[in-house]
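Chemist: Okay, handing you the structure first.
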Amino acid sequence: MNIEEIESKISEINTYLEKCLWMDFEFARMDGGSIVVAGRIDTSYDEFAINIDFGTPYYVSSLLHWHLNNSKPFIELIAGKDVWKIIDQYRVEEGNHIFKINAEDFDTMPIIIVSKGLKVEIVNKKPF
């Protein structure tokens, strides 16, 4: 995916989550083909409200469960000196995008996912 497509998906995710009062997140699936981060308003619900699919993953460093932090964008592309730090430290190959996900009660980025693609499926258009 090119950078414009990635930024469009990031905007779609962040716009949706800005309307949510809270959301619990977890990994719905993780394998060599994709990593799916899924969110729902309560863990007692069976259905996820949003599924975020990171296609062709290269690297992940994460919490296993986390909560939406309404004070920051949920997902961003890492920029500036942080990009080179991660590229050098984890030998990220060209063609990958480096994402950070902000989580409640963490000032620094606790979740980093490096992948070639990003898809989003909004299952519940009005979770609140």
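Labels for the structure tokens follow display order: chains A, B, ..., residues from 1 in each chain, ligands from 1.
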List every residue of chain A that DSSP, applied to the backbone, labels as strand (DSSP E or B), and write the result as a ChimeraX atom specification.
Modeler: /A:24-30,34-40,50-55,57-61,65-67,75-77,97-101,111-115,119-122
Chemist: Just the residues within 9 Å of Gly55 in chain A, please, counting only C-alpha atoms, with nothing from its chain fewer than 3 positions along; format it as a ChimeraX atom specification.
Modeler: /A:32-36,115-119
Chemist: As a list in words, please: the residues near Met30 in chain A (cut-off 10 Å, only C-alpha atoms, same-chain neighbours under 5 positions excluded).
Modeler: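 Once the adjacent positions are removed, what remains is Ile35, Val36, Val37, Asp53, Phe54, Pro57 and Val60 of chain A.
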Chemist: Please run DSSP on the backbone and report, as a list in words, all residues within chain A that come out as alpha helix (DSSP H).
Modeler: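 Filtering chain A down to alpha helix (DSSP H) leaves Ile3, Glu4, Glu5, Ile6, Glu7, Ser8, Lys9, Ile10, Ser11, Glu12, Ile13, Asn14, Thr15, Tyr16, Leu17, Glu18, Lys81, Asp82, Val83, Trp84, Lys85, Ile86, Ile87, Asp88, Gln89 and Tyr90 of chain A.
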Chemist: For Glu76 in chain A, which residue out of A:Tyr16, A:Phe99, A:Tyr45, A:Tyr58 is the nearest one, using only C-alpha atoms?
Modeler: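 Under the stated criterion, the closest residue is A:Phe99.
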Chemist: At a cut-off of 10 Å, using only C-alpha atoms, what residues contact Glu47 in chain A? Leave out same-chain residues fewer than 5 positions from it and give the result as a PDB file with all heavy atoms, in the first residue's frame.
Modeler:
```pdb
ATOM      1  N   ALA A  38      -8.818  -6.004  17.316  1.00  0.00           N
ATOM      2  CA  ALA A  38     -10.266  -5.845  17.345  1.00  0.00           C
ATOM      3  C   ALA A  38     -10.686  -5.109  18.611  1.00  0.00           C
ATOM      4  O   ALA A  38     -10.109  -5.308  19.678  1.00  0.00           O
ATOM      5  CB  ALA A  38     -10.947  -7.209  17.276  1.00  0.00           C
ATOM      6  N   GLY A  39     -11.690  -4.248  18.464  1.00  0.00           N
ATOM      7  CA  GLY A  39     -12.186  -3.480  19.595  1.00  0.00           C
ATOM      8  C   GLY A  39     -13.678  -3.670  19.778  1.00  0.00           C
ATOM      9  O   GLY A  39     -14.423  -3.847  18.818  1.00  0.00           O
ATOM     10  N   ARG A  40     -14.097  -3.656  21.027  1.00  0.00           N
ATOM     11  CA  ARG A  40     -15.519  -3.731  21.364  1.00  0.00           C
ATOM     12  C   ARG A  40     -15.746  -2.904  22.620  1.00  0.00           C
ATOM     13  O   ARG A  40     -14.818  -2.665  23.392  1.00  0.00           O
ATOM     14  CB  ARG A  40     -15.976  -5.168  21.541  1.00  0.00           C
ATOM     15  CG  ARG A  40     -15.171  -5.981  22.502  1.00  0.00           C
ATOM     16  CD  ARG A  40     -15.595  -7.429  22.474  1.00  0.00           C
ATOM     17  NE  ARG A  40     -14.574  -8.273  23.082  1.00  0.00           N
ATOM     18  CZ  ARG A  40     -14.565  -9.573  23.005  1.00  0.00           C
ATOM     19  NH1 ARG A  40     -15.514 -10.192  22.344  1.00  0.00           N
ATOM     20  NH2 ARG A  40     -13.623 -10.272  23.576  1.00  0.00           N
ATOM     21  N   ILE A  41     -16.998  -2.501  22.818  1.00  0.00           N
ATOM     22  CA  ILE A  41     -17.267  -1.602  23.934  1.00  0.00           C
ATOM     23  C   ILE A  41     -17.265  -2.320  25.272  1.00  0.00           C
ATOM     24  O   ILE A  41     -17.143  -1.687  26.311  1.00  0.00           O
ATOM     25  CB  ILE A  41     -18.574  -0.804  23.736  1.00  0.00           C
ATOM     26  CG1 ILE A  41     -19.782  -1.717  23.577  1.00  0.00           C
ATOM     27  CG2 ILE A  41     -18.447   0.134  22.566  1.00  0.00           C
ATOM     28  CD1 ILE A  41     -21.101  -0.978  23.564  1.00  0.00           C
ATOM     29  N   ASP A  42     -17.353  -3.630  25.252  1.00  0.00           N
ATOM     30  CA  ASP A  42     -17.321  -4.405  26.495  1.00  0.00           C
ATOM     31  C   ASP A  42     -16.916  -5.825  26.154  1.00  0.00           C
ATOM     32  O   ASP A  42     -17.397  -6.388  25.168  1.00  0.00           O
ATOM     33  CB  ASP A  42     -18.705  -4.391  27.152  1.00  0.00           C
ATOM     34  CG  ASP A  42     -18.694  -4.936  28.559  1.00  0.00           C
ATOM     35  OD1 ASP A  42     -18.220  -6.073  28.755  1.00  0.00           O
ATOM     36  OD2 ASP A  42     -19.152  -4.238  29.467  1.00  0.00           O
ATOM     37  N   VAL A 123     -17.691  -2.703  12.035  1.00  0.00           N
ATOM     38  CA  VAL A 123     -18.834  -3.615  12.130  1.00  0.00           C
ATOM     39  C   VAL A 123     -20.038  -2.902  12.739  1.00  0.00           C
ATOM     40  O   VAL A 123     -21.146  -3.005  12.240  1.00  0.00           O
ATOM     41  CB  VAL A 123     -18.470  -4.862  12.972  1.00  0.00           C
ATOM     42  CG1 VAL A 123     -19.656  -5.803  13.094  1.00  0.00           C
ATOM     43  CG2 VAL A 123     -17.264  -5.571  12.378  1.00  0.00           C
ATOM     44  N   ASN A 124     -19.802  -2.169  13.817  1.00  0.00           N
ATOM     45  CA  ASN A 124     -20.865  -1.465  14.520  1.00  0.00           C
ATOM     46  C   ASN A 124     -20.680   0.036  14.288  1.00  0.00           C
ATOM     47  O   ASN A 124     -19.861   0.679  14.936  1.00  0.00           O
ATOM     48  CB  ASN A 124     -20.823  -1.796  16.009  1.00  0.00           C
ATOM     49  CG  ASN A 124     -21.998  -1.241  16.763  1.00  0.00           C
ATOM     50  OD1 ASN A 124     -22.740  -0.422  16.268  1.00  0.00           O
ATOM     51  ND2 ASN A 124     -22.160  -1.682  17.990  1.00  0.00           N
TER      52      ASN A 124
END
```
Chemist: Measuring between only C-alpha atoms, which one of A:Glu93, A:Asn14, A:Asn102, A:Trp84 shows the shortest distance to Tyr59 in chain A?
Modeler: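 Among the listed residues, A:Glu93 lies closest to Tyr59 in chain A.
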Chemist: In terms of the shortest atom-to-atom distance over only C-alpha atoms, which of A:Glu121, A:Ile112, A:Glu26, A:Ile6 is closest to His67 in chain A?
Modeler: A:Glu26
Chemist: Here is a test: counting only C-alpha atoms, which residue of A:Ile122, A:Leu64, A:Ile10, A:Ile3 is nearest to Arg29 in chain A?
Modeler: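 Ranked by minimum distance to Arg29 in chain A, first place goes to A:Leu64.
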Chemist: Which one of A:Ala28, A:Met109, A:Ile75, A:Ala103 sits closest to Thr15 in chain A if you count only C-alpha atoms?
Modeler: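 Under the stated criterion, the closest residue is A:Ile75.
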Chemist: Taking into account only C-alpha atoms, which residue in the set A:Leu63, A:Cys20, A:Met1, A:Leu68 is nearest to Ile113 in chain A?
Modeler: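 For Ile113 in chain A, the nearest of the candidates is A:Leu63.
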Chemist: Using only C-alpha atoms, which protein or nucleic acid residues come within 12 Å of Asp82 in chain A? Drop anything in the same chain fewer than 2 positions from it, and give the result as a PyMOL selection string.
Modeler: chain A and resi 77-80+84-89+98-100+108-109+112
